[in-house]
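**Student:** As input, take input-v1.tsv (TSV, C-alpha atoms):
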```
chain	number	residue	atom	x	y	z
A	1	MET	CA	153.37	107.75	171.32
A	2	ALA	CA	154.66	107.66	167.72
A	3	SER	CA	156.22	104.22	168.13
A	4	ALA	CA	153.11	102.95	169.88
A	5	GLY	CA	151.12	103.84	166.75
A	6	LYS	CA	153.68	102.33	164.39
A	7	ASN	CA	153.73	99.05	166.26
A	8	GLY	CA	149.96	98.93	166.14
A	9	LEU	CA	149.79	99.04	169.92
A	10	MET	CA	146.99	101.57	169.95
A	11	ALA	CA	144.75	99.13	168.11
A	12	GLN	CA	145.25	96.43	170.74
A	13	LEU	CA	145.26	98.82	173.66
A	14	PRO	CA	142.69	97.70	176.24
A	15	ARG	CA	139.83	100.15	176.70
A	16	THR	CA	140.49	100.28	180.44
A	17	THR	CA	144.08	101.47	179.87
A	18	LEU	CA	142.82	104.25	177.65
A	19	ARG	CA	140.17	105.17	180.22
A	20	ASP	CA	142.75	105.19	183.05
A	21	ALA	CA	145.04	107.48	181.07
A	22	LEU	CA	142.25	109.87	180.07
A	23	SER	CA	140.54	110.11	183.46
A	24	VAL	CA	143.86	110.72	185.22
A	25	SER	CA	144.80	113.40	182.67
A	26	LEU	CA	141.48	115.22	183.07
A	27	THR	CA	141.57	115.09	186.88
A	28	VAL	CA	145.04	116.57	186.86
A	29	GLY	CA	143.63	119.47	184.84
A	30	ALA	CA	141.74	120.62	187.94
A	31	TYR	CA	145.00	120.78	189.87
A	32	GLY	CA	146.47	122.77	186.98
A	33	VAL	CA	143.89	125.54	187.52
A	34	ALA	CA	144.79	125.58	191.23
A	35	PHE	CA	148.51	125.78	190.42
A	36	GLY	CA	148.09	128.61	187.90
A	37	ALA	CA	146.06	130.57	190.46
A	38	ALA	CA	148.47	129.83	193.34
A	39	SER	CA	151.45	130.84	191.23
A	40	VAL	CA	149.95	134.22	190.26
A	41	ALA	CA	148.80	134.79	193.85
A	42	ALA	CA	152.40	134.15	194.97
A	43	GLY	CA	153.69	136.94	192.71
A	44	PHE	CA	154.71	135.02	189.57
A	45	SER	CA	153.58	136.34	186.18
A	46	VAL	CA	151.22	134.42	183.87
A	47	LEU	CA	154.18	133.65	181.56
A	48	GLN	CA	156.29	132.36	184.45
A	49	SER	CA	153.41	130.21	185.71
A	50	CYS	CA	153.06	128.62	182.27
A	51	LEU	CA	156.82	128.07	181.96
A	52	PHE	CA	156.74	126.38	185.37
A	53	SER	CA	154.21	123.83	184.14
A	54	LEU	CA	156.04	123.27	180.84
A	55	LEU	CA	159.56	122.98	182.25
A	56	THR	CA	159.25	121.74	185.84
A	57	PHE	CA	156.18	119.59	185.10
A	58	THR	CA	155.80	117.93	188.48
A	59	GLY	CA	152.84	119.29	190.41
A	60	ALA	CA	153.77	119.00	194.06
A	61	SER	CA	157.21	120.55	193.44
A	62	GLN	CA	155.67	123.45	191.55
A	63	PHE	CA	153.15	124.06	194.35
A	64	ALA	CA	155.97	123.94	196.90
A	65	ALA	CA	158.17	126.40	194.99
A	66	VAL	CA	155.45	129.05	194.65
A	67	GLY	CA	154.16	128.25	198.15
A	68	VAL	CA	157.52	129.00	199.78
A	69	VAL	CA	157.86	132.21	197.75
A	70	ALA	CA	154.32	133.22	198.79
A	71	SER	CA	155.18	132.71	202.46
A	72	GLY	CA	158.16	135.06	202.09
A	73	GLY	CA	160.84	132.38	201.96
A	74	ALA	CA	164.23	132.81	200.31
A	75	PRO	CA	164.66	131.49	196.73
A	76	ILE	CA	167.03	128.78	197.99
A	77	SER	CA	164.32	127.44	200.36
A	78	ALA	CA	161.79	127.36	197.53
A	79	ILE	CA	164.21	125.59	195.16
A	80	ALA	CA	165.32	123.08	197.82
A	81	ALA	CA	161.75	122.22	198.92
A	82	ALA	CA	160.70	121.68	195.29
A	83	THR	CA	163.75	119.53	194.53
A	84	VAL	CA	163.35	117.37	197.63
A	85	LEU	CA	159.67	116.82	196.71
A	86	GLY	CA	160.80	115.83	193.20
A	87	THR	CA	163.21	113.09	194.32
A	88	ARG	CA	160.47	110.47	194.03
A	89	ASN	CA	160.52	111.04	190.27
A	90	ALA	CA	164.07	109.62	190.22
A	91	LEU	CA	162.78	106.42	191.84
A	92	TYR	CA	159.99	106.30	189.24
A	93	GLY	CA	162.61	106.69	186.51
A	94	ILE	CA	164.60	103.76	187.88
A	95	GLN	CA	161.44	101.64	187.62
A	96	MET	CA	160.37	102.91	184.20
A	97	ALA	CA	163.70	102.98	182.31
A	98	PRO	CA	164.04	99.18	181.85
A	99	LEU	CA	160.39	98.97	180.75
A	100	LEU	CA	160.50	101.82	178.24
A	101	HIS	CA	163.95	100.97	176.90
A	102	VAL	CA	164.36	104.19	174.91
A	103	ARG	CA	167.44	106.20	173.88
A	104	GLY	CA	168.37	109.71	172.78
A	105	LEU	CA	165.61	112.30	172.46
A	106	LYS	CA	162.89	109.82	173.40
A	107	ARG	CA	164.73	109.19	176.65
A	108	ILE	CA	164.72	112.93	177.36
A	109	ALA	CA	160.97	113.03	176.66
A	110	ALA	CA	160.42	109.94	178.82
A	111	ALA	CA	162.33	111.57	181.69
A	112	GLN	CA	160.28	114.76	181.52
A	113	LEU	CA	157.02	112.73	181.51
A	114	THR	CA	158.12	110.61	184.49
A	115	ILE	CA	155.69	111.71	187.21
A	116	ASP	CA	153.25	110.17	189.74
A	117	GLU	CA	150.44	109.71	187.22
A	118	SER	CA	152.32	108.23	184.24
A	119	THR	CA	154.27	105.81	186.45
A	120	ASN	CA	151.23	104.71	188.43
A	121	VAL	CA	149.09	104.09	185.34
A	122	ALA	CA	151.98	102.18	183.70
A	123	LEU	CA	152.59	100.01	186.76
A	124	ALA	CA	148.86	99.32	187.11
A	125	GLN	CA	148.92	97.76	183.60
A	126	ALA	CA	151.47	95.11	184.68
A	127	PRO	CA	149.03	92.16	184.29
A	128	ARG	CA	148.47	93.19	180.63
A	129	GLY	CA	152.11	93.02	179.58
A	130	VAL	CA	155.03	95.35	178.90
A	131	ALA	CA	153.62	96.77	175.66
A	132	VAL	CA	150.45	97.97	177.39
A	133	MET	CA	152.51	99.33	180.31
A	134	ARG	CA	154.56	101.38	177.84
A	135	ALA	CA	151.45	102.68	176.08
A	136	GLY	CA	149.92	103.54	179.47
A	137	PHE	CA	153.04	105.53	180.40
A	138	TRP	CA	153.18	107.55	177.16
A	139	LEU	CA	149.44	108.17	176.92
A	140	THR	CA	149.13	109.30	180.52
A	141	GLY	CA	152.33	111.35	180.40
A	142	ALA	CA	151.30	113.14	177.21
A	143	GLY	CA	147.69	113.58	178.36
A	144	VAL	CA	148.68	115.03	181.73
A	145	PHE	CA	151.26	117.29	180.02
A	146	LEU	CA	148.58	118.69	177.71
A	147	PHE	CA	145.86	119.24	180.32
A	148	TRP	CA	148.24	120.40	183.07
A	149	ASN	CA	149.62	123.16	180.83
A	150	VAL	CA	146.31	124.31	179.33
A	151	PHE	CA	144.69	124.49	182.76
A	152	THR	CA	147.69	126.25	184.33
A	153	LEU	CA	147.19	129.03	181.78
A	154	ALA	CA	143.47	129.17	182.60
A	155	GLY	CA	144.14	129.34	186.35
A	156	ALA	CA	146.85	131.98	185.99
A	157	LEU	CA	144.66	134.19	183.79
A	158	GLY	CA	141.72	133.70	186.15
A	159	ALA	CA	143.71	134.67	189.24
A	160	LYS	CA	145.17	137.70	187.46
A	161	ALA	CA	141.64	138.87	186.57
A	162	LEU	CA	140.44	138.43	190.16
A	163	GLY	CA	143.03	140.70	191.80
A	164	ASN	CA	143.38	140.64	195.63
A	165	PRO	CA	143.78	136.93	196.50
A	166	ALA	CA	142.31	137.25	200.04
A	167	SER	CA	139.16	138.94	198.75
A	168	TRP	CA	138.33	135.85	196.66
A	169	GLY	CA	139.53	133.30	199.20
A	170	LEU	CA	142.50	132.36	197.02
A	171	ASP	CA	144.84	132.50	200.03
A	172	ALA	CA	142.79	129.68	201.60
A	173	ALA	CA	142.33	127.82	198.30
A	174	VAL	CA	146.08	127.20	198.14
A	175	PRO	CA	146.44	125.38	201.49
A	176	ALA	CA	143.15	123.61	200.72
A	177	ALA	CA	144.72	122.42	197.45
A	178	PHE	CA	147.71	121.08	199.40
A	179	LEU	CA	145.30	119.31	201.74
A	180	GLY	CA	143.55	117.86	198.69
A	181	LEU	CA	146.88	116.59	197.33
A	182	LEU	CA	147.76	115.12	200.72
A	183	TRP	CA	144.42	113.48	201.57
A	184	PRO	CA	144.42	110.51	199.15
A	185	ARG	CA	147.93	109.55	200.33
A	186	LEU	CA	146.85	109.09	203.96
A	187	ASP	CA	145.52	105.56	203.64
A	188	THR	CA	147.11	104.04	206.77
A	189	THR	CA	147.18	105.09	210.44
A	190	PHE	CA	150.96	105.39	210.24
A	191	LEU	CA	150.77	107.80	207.28
A	192	ARG	CA	148.16	109.91	209.11
A	193	LEU	CA	150.54	109.99	212.08
A	194	VAL	CA	153.35	111.17	209.78
A	195	ALA	CA	151.10	113.96	208.45
A	196	GLY	CA	150.00	115.03	211.95
A	197	ALA	CA	153.57	115.00	213.28
A	198	SER	CA	154.77	116.99	210.25
A	199	MET	CA	152.10	119.66	210.72
A	200	ALA	CA	152.87	119.98	214.44
A	201	PHE	CA	156.62	120.12	213.77
A	202	ALA	CA	156.23	122.76	211.05
A	203	LEU	CA	154.13	124.99	213.34
A	204	LEU	CA	156.48	124.46	216.28
A	205	ILE	CA	159.61	125.58	214.41
A	206	THR	CA	157.92	128.41	212.48
A	207	PRO	CA	158.82	131.20	214.99
A	208	TRP	CA	162.46	130.06	215.14
A	209	LEU	CA	163.47	129.78	211.47
A	210	PRO	CA	163.41	132.19	208.51
A	211	ALA	CA	160.17	132.04	206.47
A	212	GLY	CA	159.98	129.07	204.10
A	213	LEU	CA	162.67	127.03	205.86
A	214	PRO	CA	160.25	125.19	208.23
A	215	ILE	CA	158.63	123.58	205.16
A	216	LEU	CA	161.96	122.11	204.07
A	217	ALA	CA	163.01	121.21	207.63
A	218	THR	CA	159.86	119.09	207.95
A	219	ALA	CA	161.50	116.56	205.61
A	220	LEU	CA	163.42	115.58	208.77
A	221	VAL	CA	160.17	114.13	210.15
A	222	ALA	CA	159.96	111.86	207.10
A	223	VAL	CA	163.60	110.83	207.55
A	224	ALA	CA	163.18	110.12	211.29
A	225	LEU	CA	159.92	108.18	210.96
A	226	GLY	CA	160.98	106.38	207.74
A	227	TRP	CA	164.22	105.28	209.35
A	228	ARG	CA	162.52	103.63	212.30
A	229	GLN	CA	159.47	102.19	210.54
A	230	ARG	CA	159.49	98.42	210.14
B	1	MET	CA	147.94	140.58	199.90
B	2	ALA	CA	149.63	140.82	196.44
B	3	PRO	CA	153.13	139.99	197.74
B	4	GLU	CA	156.13	142.10	196.79
B	5	VAL	CA	158.36	139.58	195.06
B	6	SER	CA	161.21	140.70	192.83
B	7	ALA	CA	161.59	139.46	189.26
B	8	THR	CA	165.04	138.13	190.21
B	9	THR	CA	163.44	135.92	192.86
B	10	THR	CA	160.69	134.56	190.62
B	11	TRP	CA	163.00	133.87	187.65
B	12	THR	CA	165.67	132.30	189.87
B	13	VAL	CA	163.12	129.99	191.48
B	14	LEU	CA	161.55	129.11	188.12
B	15	VAL	CA	164.81	128.33	186.29
B	16	ALA	CA	166.58	126.52	189.14
B	17	THR	CA	163.52	124.47	190.13
B	18	SER	CA	162.93	123.42	186.52
B	19	ALA	CA	166.58	122.49	185.96
B	20	LEU	CA	166.90	120.50	189.19
B	21	CYS	CA	163.56	118.72	188.82
B	22	PHE	CA	164.44	117.68	185.25
B	23	ALA	CA	167.93	116.57	186.32
B	24	THR	CA	166.31	114.45	189.06
B	25	LYS	CA	164.00	112.78	186.53
B	26	LEU	CA	166.85	112.19	184.06
B	27	PHE	CA	169.05	110.78	186.85
B	28	GLY	CA	166.42	108.09	187.49
B	29	HIS	CA	166.55	107.00	183.85
B	30	TYR	CA	170.36	106.62	183.89
B	31	VAL	CA	171.23	105.00	187.22
B	32	PRO	CA	171.44	101.21	187.58
B	33	GLN	CA	168.29	99.56	188.90
B	34	ARG	CA	170.04	98.08	191.96
B	35	TRP	CA	170.18	101.60	193.44
B	36	LEU	CA	166.49	101.13	194.13
B	37	ALA	CA	167.22	98.21	196.43
B	38	ASN	CA	167.80	100.21	199.64
B	39	ALA	CA	164.61	99.70	201.68
B	40	THR	CA	165.23	102.54	204.15
B	41	LEU	CA	165.78	104.98	201.29
B	42	GLN	CA	162.53	103.87	199.68
B	43	ARG	CA	160.55	104.22	202.90
B	44	ILE	CA	161.88	107.72	203.54
B	45	ASN	CA	161.23	108.70	199.95
B	46	ALA	CA	157.62	107.56	200.23
B	47	LEU	CA	157.12	109.68	203.36
B	48	ILE	CA	158.71	112.89	202.06
B	49	PRO	CA	155.72	114.05	200.00
B	50	ILE	CA	153.46	113.49	203.03
B	51	SER	CA	155.72	115.52	205.34
B	52	LEU	CA	156.27	118.38	202.91
B	53	LEU	CA	152.62	118.62	201.82
B	54	SER	CA	151.59	118.63	205.51
B	55	ALA	CA	154.06	121.43	206.21
B	56	LEU	CA	152.76	123.36	203.21
B	57	VAL	CA	149.15	123.07	204.46
B	58	VAL	CA	150.00	124.74	207.78
B	59	ALA	CA	152.60	127.15	206.34
B	60	GLN	CA	150.06	128.46	203.84
B	61	GLY	CA	147.01	128.28	206.07
B	62	LEU	CA	148.27	129.30	209.51
B	63	VAL	CA	151.46	131.29	209.05
B	64	VAL	CA	152.28	134.90	208.13
B	65	LYS	CA	156.04	135.40	207.67
B	66	THR	CA	157.40	133.73	210.86
B	67	HIS	CA	154.27	133.96	213.03
B	68	VAL	CA	151.50	131.43	213.56
B	69	VAL	CA	148.31	133.38	212.83
B	70	ILE	CA	144.65	132.37	213.07
B	71	ASP	CA	142.64	134.26	210.45
B	72	HIS	CA	140.03	133.83	207.70
B	73	ARG	CA	142.14	131.12	206.02
B	74	LEU	CA	141.46	128.73	208.91
B	75	ALA	CA	137.74	128.87	208.08
B	76	GLY	CA	138.63	127.82	204.54
B	77	LEU	CA	140.83	124.96	205.75
B	78	ALA	CA	138.16	123.71	208.17
B	79	VAL	CA	135.60	123.64	205.36
B	80	ALA	CA	138.11	121.87	203.08
B	81	LEU	CA	138.68	119.24	205.75
B	82	ALA	CA	134.92	118.69	206.16
B	83	ALA	CA	134.53	118.43	202.36
B	84	LEU	CA	137.33	115.84	202.16
B	85	PHE	CA	135.70	113.80	204.93
B	86	ALA	CA	132.48	113.96	202.89
B	87	ARG	CA	134.46	112.58	199.89
B	88	ALA	CA	133.99	115.73	197.80
B	89	PRO	CA	136.10	115.87	194.61
B	90	PHE	CA	139.19	118.09	194.51
B	91	PRO	CA	137.70	121.11	192.66
B	92	VAL	CA	134.74	121.22	195.07
B	93	VAL	CA	137.10	121.12	198.07
B	94	VAL	CA	139.14	124.05	196.76
B	95	VAL	CA	136.14	126.18	195.75
B	96	LEU	CA	134.32	125.61	199.07
B	97	ALA	CA	137.50	126.57	200.97
B	98	ALA	CA	137.85	129.75	198.92
B	99	VAL	CA	134.20	130.72	199.46
B	100	ALA	CA	134.36	130.11	203.24
B	101	SER	CA	137.59	132.07	203.57
B	102	ALA	CA	136.34	134.98	201.43
B	103	VAL	CA	133.10	135.21	203.46
B	104	VAL	CA	134.99	135.40	206.77
B	105	TYR	CA	137.48	137.87	205.24
B	106	HIS	CA	134.70	140.24	204.22
B	107	LEU	CA	132.77	139.88	207.49
B	108	HIS	CA	135.84	141.13	209.34
```
Rewrite the structure of this file - the entire thing - as structure tokens.
**Tutor:**
Amino acid sequence: MASAGKNGLMAQLPRTTLRDALSVSLTVGAYGVAFGAASVAAGFSVLQSCLFSLLTFTGASQFAAVGVVASGGAPISAIAAATVLGTRNALYGIQMAPLLHVRGLKRIAAAQLTIDESTNVALAQAPRGVAVMRAGFWLTGAGVFLFWNVFTLAGALGAKALGNPASWGLDAAVPAAFLGLLWPRLDTTFLRLVAGASMAFALLITPWLPAGLPILATALVAVALGWRQR
Amino acid sequence: MAPEVSATTTWTVLVATSALCFATKLFGHYVPQRWLANATLQRINALIPISLLSALVVAQGLVVKTHVVIDHRLAGLAVALAALFARAPFPVVVVLAAVASAVVYHLH
């Protein structure tokens, strides 16, 4: 960000890097609308929905937290599901820290911006060198942060204006949004098998566990299949 | 639907989720890189989003409290699935699902 400008990196930044960062940021905006709407439909206020996007700032975890609350789950189930979903950000951080090489407040900012999009854009710039990777990380992180928060507000206000979620199909839009988040990840037969097994497992244990807990328990499917996979 | 959720619940979930998710991110920036080396851990970590998102699809689309229920939401999910197969972009998928679900909801 600031340092990128000072070092004149922006001037030499390849157009494709800029385009990657911008297109990813804008696409994420659409998910922001869905999150804002899902959050309000789950019983969170507009203010709380916006704070979620500012402070938690990791989409899948936010969706999981409000999703578990919407399905009547206990707070602990919602918090645990969101945290487990967020563990991949720690692995991203391990990859990004040596590249970014920042300290103090900038490290705090880098940590908060460490998400799927910023890490993936940064890693995709590898052939163009470390400086471009860094710029890709900061640009995408800041861009997604901006659009994600603005569109969360829009979605939350929109859902509040609509009223009864079922009447507008919002109760189906939320699982459809999850399906939309899931779909691009299913690029091998094995991953489709994991998704199918997880859905079956979640439905199977639903009558036997308190609401919200089956979602978290499904992480066991990932552990079992990840353990054995070669 | 408009669920009855207490302010204590929503604030607890918001604050704790935010704190833990940030701590997780910060943790990644402070641990030594060799912690990444465990292949089994990496494989499991890559599968967790797929498992949890899959569970969320069915929990939100086919479950009420602790019962598996087939209702208007399934129409929305079916349309979403068809739209994804047709390579529709995310906003189109969500809007089509909402429309299909709302239509079935009002027909009932």
**Student:** Excluding range 10-12 of chain B and its own-chain neighbours fewer than 3 positions away, which residues fall within 8 Å of it when counting all atoms listed in the file? Please give them as a PyMOL selection string.
**Tutor:** (chain A and resi 43-44+48+75) or (chain B and resi 5-7+15-16)
**Student:** Between A:Met133, A:Leu157, A:Leu91, A:Val121, which has the minimum distance to chain B (counting all atoms listed in the file)?
**Tutor:** A:Leu91
**Student:** Rounded to one decimal in Å, what is the spacing between CA of Ala78 in chain A and CA of Ala65 in chain A?
**Tutor:** 4.5 Å
**Student:** What are the residues of chain A lining chain B at 6 Å or less? Count all atoms listed in the file, and put the answer as a ChimeraX atom specification.
**Tutor:** /A:43,55-56,71-72,75,79,83,85-86,89-91,93-94,97,111,167-170,172-173,175-178,195,198-199,202,206-207,211,215,219,222-223,226-227
**Student:** Could you work out how far CA of Leu105 in chain A lies from CA of Phe137 in chain A, giving the answer in Å with one decimal?
**Tutor:**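 That distance, rounded to one decimal, is 16.3 Å.
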**Student:** Mind giving me the straight-line distance from CA of Leu203 in chain A to CA of Gly32 in chain A in Å, one decimal?
**Tutor:** 27.5 Å
**Student:** Nearest residue to Leu113 in chain A out of A:Leu146, A:Ala126, A:Ala70, A:Val132, using only C-alpha atoms?
**Tutor:**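 Counting only C-alpha atoms, the residue closest to Leu113 in chain A is A:Leu146.
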**Student:** Can you work out which one of A:Thr17, A:Thr218, A:Asn149, A:Ser39 has the shortest atom-to-atom distance to Leu123 in chain A, counting all atoms listed in the file?
**Tutor:** A:Thr17
**Student:** Step by step, gather every atom of range 32-46 of chain B that the file lists, find the box along x, y and z that holds them, add 3 Å on each side, and finally give centre and edge lengths in Å to one decimal, as JSON.
**Tutor:**
```
{"center_x": 164.5, "center_y": 103.4, "center_z": 195.9, "size_x": 19.8, "size_y": 16.6, "size_z": 22.6}
```
**Student:** Anything within 9 Å of (147.2, 121.4, 189.6): list those residues as a list in words, counting all atoms listed in the file and sticking to the file's coordinates.
**Tutor:**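 Those residues, ordered by chain and then number, are Thr27, Val28, Gly29, Ala30, Tyr31, Gly32, Val33, Ala34, Phe35, Gly36, Gly59, Ala60, Gln62, Phe63, Trp148, Phe151, Thr152 and Ala177 of chain A.
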